[in-house]
Amino acid sequence: MTDYEAVIGIETHVELMTDSKMFCGCPVDFGEAPNTTTCPVCLGLPGAMPVPNAEAMEGILKIGTALDCEVAEISYFHRKNYFYPDLPKNYQISQYDVPICHDGSIAIDVGGEPTRIGITRVHMEEDTGKSIHMGGGGRIHDAEYSLLDFNRSGVPLVEIVTEPDIRSAEQARAYGAELQRIVRTLGVSDARLEEGSMRFDANISVRPADDPVLGTRAEIKNVNSLRSLQRAVAFEIDRQIELIESGGTVVQETRHWNEETGKTTSMRSKEESEDYRYFQEPDLVPIEVSAEWRDAVMAALPELPAARRSRYQGLGVDARVAGVLVEADELGALFEEAMAAGGDPRLIGNWLSGEAVAWSRAENTAVGASPLSAQHLVDLAAMVADSTLSASAAKQVLGGVLGGEGSPAEVAEARDLVQISDSGVIEAAVDEVLVAHPDAVEGIRGGDMKPIGFLVGQVMRSTGGKADPKQVQQLIRDKTAG
Amino acid sequence: MSDPADLTIKAAGDAMRAGELTSLDLTEAALERARITESHLHAFLTLDQAGAKEAAAAADAALAAGEDAGPLHGIPIALKDNMCTKGIETTASSQILSGWIPPYNATVVDRLSAAGAVVVGKTNLDEFAMGSSTENSAYGTTRNPWDTDTVPGGSSGGSAAAVAAGSALGAFGSDTGGSIRQPASLCGVVGMKPTYGLVSRYGLIAFASSLDQIGPFARSVEDAAVLLEAVAGFDIHDATSIRGDVPNIRGSLSEGVAGLKVGIVTELSTTGIDPEVREAVVQTVNELSDAGAEVVDVSLPSCEYGLSAYYLIAPAECSANLARFDGVRYGLRAAGSTTEEMMAATRAEGFGPEVIRRILLGTYALSAGYYDAFYGQAQRVRTLIRREFAAAYEDVDVLVAPTSPTTAFPIGERTADPIAMYYADVCTIPMNLTGDPGISVPVGLDSKGLPIGFQVMAPALGEERLFQVAKAVEDIAGFTARAALATSEVVQP
């Protein structure tokens, strides 16, 4: 069988959480009753005219700058013409040949293979209203009637288009996740896939691995989680390869991802690509971005996820842990606070990404909702450092703190986990174990060092984990050396 | 005193402030004139008698209390029915908007209200302002008060006819290719298109957004200036409106033309211009020269392509602007078994033939594979015309030409020949393409007794100079004739 390579590009729409809509003063608010956050402009009433929202322009500049894009000094709004009931003017104000940001990239890392995904363009547009098709299959063509809600109409929408640089479903997901993290870090959108404030369309084609010519692509819509992005891309790659292998040809079309069946199905074919008859929006003037504005946006950018991960790694935190800390806001916040208070990065990072996450899953409770504070983490790390607690005891103490049993000192005390500092007690416990396992002692004396670990384990068990394993090991070595 | 309906805004304002006239008297006189003439003219789609009288009474009360909102205080005016008026039906003369009552006011309407003006009604137009004769209205043709067998021009024919007949002392129209200036010329009144962006378009039902501009009709140049001053200036709701100071419109009104350089645009004044119109224009130019202006011929060869460029750009923009009329949310809805069929049926039923023709033209001009040859090429021509005018204004203060190649033509004469109809705007279209201001001033009558308009053009934001020259033209021409329907012999029962 031929080796195939998948070629994937992703278009992402992000709704900006500005105070008001893109071209009018209506609030951006999705909790309201249908058709209440509307006005003549976002309803497309005769005579109404758009006025661009400066906060939204600032938002897209942040995104473009964070994606390392070039910013156009002058760009233009265009009208994209098509008829659809939830598009009140029957054209969407968008950008066409000159987007405000272009030529950027995002770095991703899948399985230790760092890759740069090129960003072709980042442009500004307005969202449509929402259609709810009643009766039939939930699509407009077989509906009995449709309901229209224009609260979403005119919400600022940023479209981010990648180069066809993505080669696998895993990379697609990693790209989506990183973009989501960046947008959230910038604070311009909550970027929630399930609620549609972030939406992905993936263009997928496959070709024999050594073929420079691109295959015919299909576009997948209705992907509303990172997991379904990965699944949908994986399914579509397989479907296209199987189709080609069985002598078929891929047709250029839009395909709908069905979460339940785990399959993509044809929505409409793009035999003739739709003609949107773009032309420059005469109701708006060109967008001008001064060098001062661009520089001010760049200077005010927060620390981006990639920079933060590398800063954590610089503190000695391993890559996986750094990823977890940057991913989860509450863990990252605790970590930052603990670092500021002088806590041990490696230890605290591991606890947060390991025990804390496991506890959160088991208890189905957010770590942020537990009594665990940054100071607790700092104190706990100090107790390990001064040998008050063993590493394993510290983990137990952490569980107690998360569970609301008190401060690390209180939990350690209550659970009787403080390391035995009296060397006489430890020595007695070691002696006891050595006597009970003469074969092991014999083996060590004969040069086989393997039983040492076993003996240490026995001592730890008999002391309830409270002995310092390093000290125990040293004692065993000393006592078997003679 | 003569019938107050025949007064200029200036004279009526003076009489009101002298205590000789009330706004209510004035408004009732205008409404009475409308009552008598409307059966002949059909200038109005809606007459708001009750609202007008109420506003007039309020204006009188305010004036009595010492609150004077300025020169438009208590003055009855009319609005073209493509400007949104909250609570008053606004149709743009289209079936597709039959019964539509806007929930908001156009900026112009709010500004007129703040200036104390009294709106008597909404005037007829070519559907969506597409036409040059007001014959394309879905609600019947408006007739010219000078001769009811002829057209009033268009598309703002209702506003022009209302002012000429005395049913309003002033009016507002919109000018996309000449739709204020050409009907002003045909109806013997002053009509002015301001610099693009000087008057807010917010609430004006768009025809071609890059060309549309709201402007005044009046019976004197000074009145036109007063009307313009009331509505001009930056509006936060219109992103294309000009920020910064409004030109001093009445600043130099009476300073004459001595020492000014006036250029006659050859391409707009010779070929295809009716000899009587040409003669009147030449005579006026000679008189300007006598009054001390330096007169030169100016050639602007790209004007030849203006009409063609316009009939690509305007339809292209209209094809998008009119897409919203789909039967989904307001206005007419025809039956259809699918959404697409409903939309198509609504649009087929709701739009008249000229509107459909322009939507088709514009859709075609923007289509993939044709865009560059049509829309793109038209934009290049537009740039060329802009450059030619800008270069001309480096040498002259104003340009002049006829407003319309002919005087009022008979009703029905051009309805079967769209190109002949389009040609009516050949002299006015360049200013829409450049965005510069232009004004039409009546200077005489032809042998049929129909008015001839003289057009003055100035560079962008050159309104002060424009009105200065227009006033000089008005003084020189001494045009005092009144439309047959506005004279006492006809209107007195």
# chains A, B, ... in the order shown; residues from 1 in each chain; ligands from 1
$ residues_around --residues "Ala172 in chain A" --least-positions-apart "6" --cutoff "8 Å" --atoms "only C-alpha atoms" --output "mmCIF file with all heavy atoms, in the first residue's frame"
data_model
loop_
_atom_site.group_PDB
_atom_site.id
_atom_site.type_symbol
_atom_site.label_atom_id
_atom_site.label_comp_id
_atom_site.auth_asym_id
_atom_site.auth_seq_id
_atom_site.Cartn_x
_atom_site.Cartn_y
_atom_site.Cartn_z
ATOM 1 N N ILE A 8 -3.294 19.560 5.799
ATOM 2 C CA ILE A 8 -4.436 20.141 6.509
ATOM 3 C C ILE A 8 -4.218 21.626 6.755
ATOM 4 O O ILE A 8 -3.126 22.053 7.150
ATOM 5 C CB ILE A 8 -4.624 19.434 7.880
ATOM 6 C CG1 ILE A 8 -4.821 17.928 7.653
ATOM 7 C CG2 ILE A 8 -5.803 20.022 8.663
ATOM 8 C CD1 ILE A 8 -4.400 17.086 8.838
ATOM 9 N N ILE A 10 -6.399 24.971 8.658
ATOM 10 C CA ILE A 10 -7.535 25.211 9.548
ATOM 11 C C ILE A 10 -7.936 26.689 9.510
ATOM 12 O O ILE A 10 -7.077 27.575 9.562
ATOM 13 C CB ILE A 10 -7.198 24.785 10.995
ATOM 14 C CG1 ILE A 10 -6.991 23.269 11.025
ATOM 15 C CG2 ILE A 10 -8.302 25.197 11.974
ATOM 16 C CD1 ILE A 10 -6.618 22.714 12.380
ATOM 17 N N ILE A 166 -0.305 21.613 8.366
ATOM 18 C CA ILE A 166 -0.608 20.601 9.379
ATOM 19 C C ILE A 166 -0.639 19.232 8.697
ATOM 20 O O ILE A 166 -1.159 19.092 7.594
ATOM 21 C CB ILE A 166 -1.945 20.942 10.067
ATOM 22 C CG1 ILE A 166 -1.805 22.288 10.783
ATOM 23 C CG2 ILE A 166 -2.370 19.839 11.043
ATOM 24 C CD1 ILE A 166 -3.115 22.904 11.225
ATOM 25 N N LEU A 229 -12.217 17.834 16.888
ATOM 26 C CA LEU A 229 -11.346 18.275 15.794
ATOM 27 C C LEU A 229 -10.373 17.151 15.425
ATOM 28 O O LEU A 229 -10.227 16.782 14.263
ATOM 29 C CB LEU A 229 -10.565 19.530 16.218
ATOM 30 C CG LEU A 229 -9.498 20.037 15.236
ATOM 31 C CD1 LEU A 229 -10.115 20.471 13.915
ATOM 32 C CD2 LEU A 229 -8.705 21.194 15.837
ATOM 33 N N GLN A 230 -9.763 16.569 16.431
ATOM 34 C CA GLN A 230 -8.814 15.486 16.188
ATOM 35 C C GLN A 230 -9.501 14.266 15.565
ATOM 36 O O GLN A 230 -9.029 13.707 14.572
ATOM 37 C CB GLN A 230 -8.142 15.088 17.506
ATOM 38 C CG GLN A 230 -7.100 13.987 17.325
ATOM 39 C CD GLN A 230 -6.302 13.713 18.599
ATOM 40 O OE1 GLN A 230 -6.393 14.473 19.561
ATOM 41 N NE2 GLN A 230 -5.535 12.646 18.597
ATOM 42 N N VAL A 233 -10.666 15.022 11.895
ATOM 43 C CA VAL A 233 -9.553 15.044 10.937
ATOM 44 C C VAL A 233 -9.048 13.623 10.698
ATOM 45 O O VAL A 233 -8.819 13.210 9.561
ATOM 46 C CB VAL A 233 -8.414 15.964 11.435
ATOM 47 C CG1 VAL A 233 -7.184 15.826 10.559
ATOM 48 C CG2 VAL A 233 -8.886 17.421 11.464
#
$ residues_around --residues "Glu126 in chain A" --least-positions-apart "5" --cutoff "8 Å" --atoms "only C-alpha atoms" --output "PyMOL selection string"
chain A and resi 22+92-94+153-157
$ closest_atom_pairs --of "range 402-475 of chain B" --to "range 205-222 of chain B" --cutoff "9 Å" --atoms "only C-alpha atoms" --output "CSV"
residue,atom,partner,partner_atom,distance
B:Met431,CA,B:Leu211,CA,8.9
B:Asn432,CA,B:Leu211,CA,5.2
B:Leu433,CA,B:Leu211,CA,6.6
B:Thr434,CA,B:Leu211,CA,8.7
B:Gly435,CA,B:Leu211,CA,7.1
B:Val441,CA,B:Val221,CA,7.6
B:Phe467,CA,B:Val221,CA,7.0
B:Ala470,CA,B:Val221,CA,6.6
B:Lys471,CA,B:Val221,CA,5.7
B:Glu474,CA,B:Val221,CA,7.2
$ residues_around --residues "Ala385 in chain A" --least-positions-apart "5" --cutoff "12 Å" --atoms "only C-alpha atoms" --output "compact mmCIF listing (two decimals) with N, CA, C and O atoms, in the first residue's frame"
# COMPACT_ATOMS: atom_id res chain seq x y z
N GLY A 343 8.85 29.19 46.59
CA GLY A 343 8.68 27.74 46.65
C GLY A 343 9.57 27.02 45.66
O GLY A 343 10.09 27.62 44.71
N ASP A 344 9.74 25.71 45.88
CA ASP A 344 10.57 24.88 44.99
C ASP A 344 9.80 24.58 43.70
O ASP A 344 8.77 23.91 43.75
N LEU A 347 9.32 20.62 42.56
CA LEU A 347 8.45 19.88 43.47
C LEU A 347 7.01 20.35 43.35
O LEU A 347 6.07 19.55 43.17
N VAL A 378 4.29 26.07 49.37
CA VAL A 378 5.62 26.52 49.75
C VAL A 378 6.05 25.83 51.06
O VAL A 378 7.18 25.32 51.18
N ASP A 379 5.14 25.80 52.03
CA ASP A 379 5.44 25.17 53.31
C ASP A 379 5.75 23.68 53.15
O ASP A 379 6.68 23.14 53.76
N LEU A 380 4.93 23.04 52.33
CA LEU A 380 5.09 21.60 52.12
C LEU A 380 6.47 21.30 51.51
O LEU A 380 7.17 20.37 51.92
N SER A 390 9.08 12.90 54.11
CA SER A 390 9.64 12.23 52.95
C SER A 390 8.82 12.65 51.75
O SER A 390 7.72 13.19 51.89
N ALA A 391 9.36 12.40 50.53
CA ALA A 391 8.64 12.77 49.32
C ALA A 391 7.28 12.10 49.28
O ALA A 391 6.28 12.70 48.91
N ALA A 394 4.95 13.60 51.79
CA ALA A 394 4.49 14.91 51.36
C ALA A 394 3.28 14.79 50.45
O ALA A 394 2.34 15.58 50.53
N GLN A 419 8.77 12.69 59.59
CA GLN A 419 9.89 11.73 59.54
C GLN A 419 10.51 11.55 60.92
O GLN A 419 10.62 12.49 61.71
N ASP A 468 13.56 8.50 56.79
CA ASP A 468 14.13 9.15 55.61
C ASP A 468 14.80 8.07 54.78
O ASP A 468 15.77 7.44 55.22
$ residues_around --residues "range 110-121 of chain B" --least-positions-apart "4" --cutoff "7 Å" --atoms "only C-alpha atoms" --output "tab-separated table (two decimals) with C-alpha atoms, in the first residue's frame"
chain	number	residue	atom	x	y	z
B	44	PHE	CA	-46.21	63.57	-1.91
B	46	THR	CA	-47.48	60.95	2.71
B	47	LEU	CA	-48.81	64.30	3.95
B	48	ASP	CA	-48.57	64.50	7.70
B	49	GLN	CA	-51.14	67.24	8.28
B	52	ALA	CA	-47.10	69.25	10.82
B	55	ALA	CA	-45.03	70.87	15.21
B	56	ALA	CA	-45.96	74.32	13.88
B	59	ALA	CA	-42.69	76.17	17.10
B	69	ALA	CA	-33.99	77.51	17.12
B	70	GLY	CA	-32.60	79.50	14.18
B	72	LEU	CA	-35.52	77.06	10.05
B	73	HIS	CA	-37.65	77.61	13.14
B	74	GLY	CA	-41.27	76.94	12.18
B	75	ILE	CA	-40.51	76.51	8.46
B	76	PRO	CA	-42.54	73.83	6.64
B	77	ILE	CA	-40.32	71.50	4.66
B	78	ALA	CA	-40.69	68.20	2.79
B	79	LEU	CA	-38.50	65.08	2.83
B	105	ASN	CA	-35.01	58.78	12.42
B	106	ALA	CA	-32.35	59.55	9.85
B	230	ALA	CA	-28.98	72.91	9.47
B	231	VAL	CA	-28.00	69.36	8.53
$ interface_residues --of "chain A" --to "chain B" --cutoff "6 Å" --atoms "only C-alpha atoms" --output "list in words"
Pro46, Gly47, Ala48, Met49, Val51, Lys89, Asn90, Arg277, Pro282 and Leu284 of chain A
$ write_last_selection --atoms "N, CA, C and O atoms" --output "CSV table (one decimal), in the first residue's frame"
chain,number,residue,atom,x,y,z
A,46,PRO,N,-33.3,49.2,6.6
A,46,PRO,CA,-33.0,50.2,5.6
A,46,PRO,C,-32.4,51.5,6.2
A,46,PRO,O,-32.9,52.0,7.2
A,47,GLY,N,-31.3,52.0,5.6
A,47,GLY,CA,-30.7,53.3,6.0
A,47,GLY,C,-29.7,53.2,7.1
A,47,GLY,O,-28.9,54.1,7.3
A,48,ALA,N,-29.6,52.1,7.8
A,48,ALA,CA,-28.7,51.9,8.9
A,48,ALA,C,-27.3,51.8,8.3
A,48,ALA,O,-27.1,51.2,7.3
A,49,MET,N,-26.3,52.3,9.1
A,49,MET,CA,-24.9,52.3,8.6
A,49,MET,C,-23.9,51.8,9.7
A,49,MET,O,-24.2,52.0,10.9
A,51,VAL,N,-20.5,51.5,12.0
A,51,VAL,CA,-19.4,52.3,12.5
A,51,VAL,C,-18.4,51.3,13.2
A,51,VAL,O,-18.9,50.6,14.1
A,89,LYS,N,-28.3,41.7,6.2
A,89,LYS,CA,-28.2,42.6,5.1
A,89,LYS,C,-28.0,41.7,3.8
A,89,LYS,O,-27.9,42.3,2.7
A,90,ASN,N,-27.9,40.4,4.0
A,90,ASN,CA,-27.6,39.5,2.9
A,90,ASN,C,-26.2,39.8,2.3
A,90,ASN,O,-25.9,39.4,1.2
A,277,ARG,N,-18.9,37.8,-4.9
A,277,ARG,CA,-18.9,39.1,-5.5
A,277,ARG,C,-18.4,40.1,-4.5
A,277,ARG,O,-19.0,41.2,-4.2
A,282,PRO,N,-18.5,50.4,0.8
A,282,PRO,CA,-18.5,51.9,0.6
A,282,PRO,C,-19.0,52.6,1.8
A,282,PRO,O,-18.8,53.8,1.9
A,284,LEU,N,-17.7,52.2,4.7
A,284,LEU,CA,-16.6,52.3,5.7
A,284,LEU,C,-15.4,52.9,5.0
A,284,LEU,O,-15.2,52.7,3.8
$ atom_distance --atom1 "CA of Met298 in chain A" --atom2 "CA of Arg184 in chain A"
16.4 Å
$ atom_distance --atom1 "CA of Gly137 in chain A" --atom2 "CA of Asn81 in chain A"
26.8 Å
